[in-house]
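Here is the structure we will look at, set down as structure tokens.
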Amino acid sequence: MNVFSPDFLFRNALAGGLLVGILCGVLGVYVVLRRFALLGVALPQASAAGIAFTFLATRHQHAAGAGTHVLALLGSAGFTFGGLALLTLSGRRSRIPEDGRIGALLAVASAGTVLFVAANPGGDFEVTSLLRGELLAISDSDLVILAAASLVTGILFLLFRREILLASFDPDFARTLGKSPVKADALLYSLLGIAISLGVMTVGPLVVFGFLTLPALCALRVAPRLGVAFAIAALVAAASSLGGFAIAYRADLPAGPVDVALAAALWLGVSGIARLRESMARRGALRVVAIAMVVLLAGFALGGCAGGTEPAEEPVSGAPAPLSRGTLPASQRPIAVLRFRNETGQSLRIASSNPLEELGKAAGDPFARRDPTVLDELEEIATQELARRGFVVLSTAETQRAVPTPPSDPGSAALAAKRAGLDTLVLQGTLRRFTLNPSRILLITLDLALVDPRDGHTLWTGTARHPVAVPAAQTLPEAVRDAGPQIFADAFSGG
Amino acid sequence: MSDALLQTKSACFGYSGRAVVEDVTLEVPAGEFVALVGPNGSGKTTLLRGLLGFVPLLGGRVERRPGLRVGYVPQREGLDPLYPLSALDVTLLGTYGDTRPWRRSGAGARARAEAALVVCHADQLARRRYADLSGGQRQRVLIARALAVQPDLLLLDEPTAGIDSETSESIVATLDGLRREHKLAIWMVSHDLGPLRLRVDRLARVERGRLRIEAASR
């Protein structure tokens, strides 16, 4: 992949991750210097609880478009700043040590997140995805908001760097100069709150915590000056973000944990080099070490991002999938694709291209056809994809006449097929997530199971969960058709 | 108010409504060197911090001359060695009171900090990391930082604690020189009266929360 290409589909995700990484990396220097590391875990968790609570309170289920992200941002910021206010106010008169209060916030926020998600009847997949960070779902408008907030945060941090340093290093001395350490602390907390709120939505709480601590630890291990520490932290965060994205993309791994693992590897590497440097008395060795560090960071940042071999699962639009059975069991028996169950909380209706028909439906025409949905398209594509892999497949019309309603699980699929007299294997599916974001990236979770109705045994299960880029799709059916082969290649390759 | 830089009348300083030092009446004229002495827990540091405005005033009055610039030297153990700051960086903090947020700390501020380091015989330490300095060297840097404020009054909290007698003598001599050359008023908390006895003008004794000021016997 070439990340510098204007056509690169994950450009927003890469830029968003980079911005959050640098922002959290730089502010993280103060998180480490001021021993706020526990706060670095608790606040992202409070932010996550805010997102979950907002979705529960507003019964918001559909995750397409900018509205969802604005809602999530409001919840995230509200709970982050609420947590900060609670800690600040309770600290004034409390005899409980600060780490105890931060620990309590972490425990409550963690429990709250789980409970809010559990209590949300329709949106647990969407909310859980947002809580993990929606790096791939960053739209152009999200990126503009993120860039603007990062710019404002960066400018404020730069303008008030002296006040923040004074308040952090020696607040009493700051007072003798007529500077208010309380105001400087409030500003630092606010900047952290903004970075955490945006970061949790973009990359999730785990990665935010990782970026708040690991680049700073790395920087403070070697930096001779504070300004240099900020620069190294930003560089390490950027290298982890870019390098982590490239590795995750190639190895088909989740990007966030790879970013954190890479930042940790850089920290360990830099610490090892620093120790080596300390043990070397020769002056020339210093230059060698500096060059080695630059090469190491540059390699992580750029090595995987341009050129090289393509990943195994490059998202393509409408490209034919390899005709491999994947992990599907070899069988000579025909397969019937039953109606898929919709658990997305959305109707997924595909509007008719005929305006008269639409008007008729709006007027309550009793003879109007049932609305086709995304699920119908997916069932049809499943039939075609199974056939392309050498299976004999019943037509969807024939199957749906026999079993007209979607079974809820593999067991009930077997029962329904047996009752209908189908002597075939049956493919049962549950669509849990289906979101086409403004960047034309389809976020999908489709659980599939292959069941033998004779004995009710489940022979195989698989899940399609990888995002698929559909840059050319203009309508929902086009997006489904473009992504279809990729979706089923993903599901059939898993076990 | 007289020509005093700072004066108090029946001032009472303490925490949570409980007085630690009571009925403090004093005047701080320019160019006077005062040693603030007393046993552990008598309230010396509370009085110093009260004069700085860090400890609540529970009664009485404290008046500072308008525009008074105070240089404060805290106990050096209170500063975190994790910060990657050079001795010059620490000294530059003293100039931050005169720099607006949107302005850069220019060559003027740097020259002020370097001059303060020279006065404290610490200019050769400028590039070294503050955390790597010895106790006596750190103390010189903290005094230089206070001087970079360009103060009228210098308040020091046990600057010679834990430092060998030769270095202590040198630090006190430096302070005495500053007082004479720049008419700087100096109040210094100390356990060890030894190196101070011949240089201070007055002794301020704090015992069981009460202040008694007496002329130094040289």
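Labeling convention for the structure tokens: chains A, B, ... as they appear, residues from 1 per chain, ligands from 1 in order of appearance.
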Closest-contact table, chain A side, partner chain B, 6 Å, counting only C-alpha atoms, as a Markdown table:
| residue | atom | partner | partner_atom | distance |
| --- | --- | --- | --- | --- |
| A:Leu159 | CA | B:Pro101 | CA | 5.2 |
| A:Phe160 | CA | B:Pro101 | CA | 5.5 |
| A:Leu177 | CA | B:Gly97 | CA | 4.9 |
| A:Pro224 | CA | B:Pro84 | CA | 5.6 |
| A:Arg225 | CA | B:Pro84 | CA | 4.9 |
| A:Leu226 | CA | B:Pro84 | CA | 5.3 |
request  = List every residue of range 152-194 of chain B that DSSP, applied to the backbone of this structure, assigns to helix (DSSP H, G or I), and report them as number ranges by chain.
outcome  = B: 165-182
Can you spit out the residues from that selection as a short mmCIF file (atom, residue, chain, number, x, y, z; two decimals), in the first residue's frame, using C-alpha atoms?
data_model
loop_
_atom_site.label_atom_id
_atom_site.label_comp_id
_atom_site.auth_asym_id
_atom_site.auth_seq_id
_atom_site.Cartn_x
_atom_site.Cartn_y
_atom_site.Cartn_z
CA SER B 165 30.48 23.43 56.50
CA GLU B 166 32.85 24.75 53.83
CA THR B 167 30.07 24.92 51.19
CA SER B 168 27.67 26.39 53.76
CA GLU B 169 30.17 29.11 54.57
CA SER B 170 30.61 29.84 50.86
CA ILE B 171 26.83 30.08 50.26
CA VAL B 172 26.35 32.41 53.23
CA ALA B 173 29.26 34.56 52.02
CA THR B 174 27.62 34.79 48.60
CA LEU B 175 24.33 35.89 50.18
CA ASP B 176 26.13 38.46 52.34
CA GLY B 177 27.81 39.87 49.24
CA LEU B 178 24.45 40.18 47.49
CA ARG B 179 22.98 41.99 50.45
CA ARG B 180 25.84 44.48 50.46
CA GLU B 181 26.05 45.03 46.69
CA HIS B 182 22.36 45.05 45.79
#
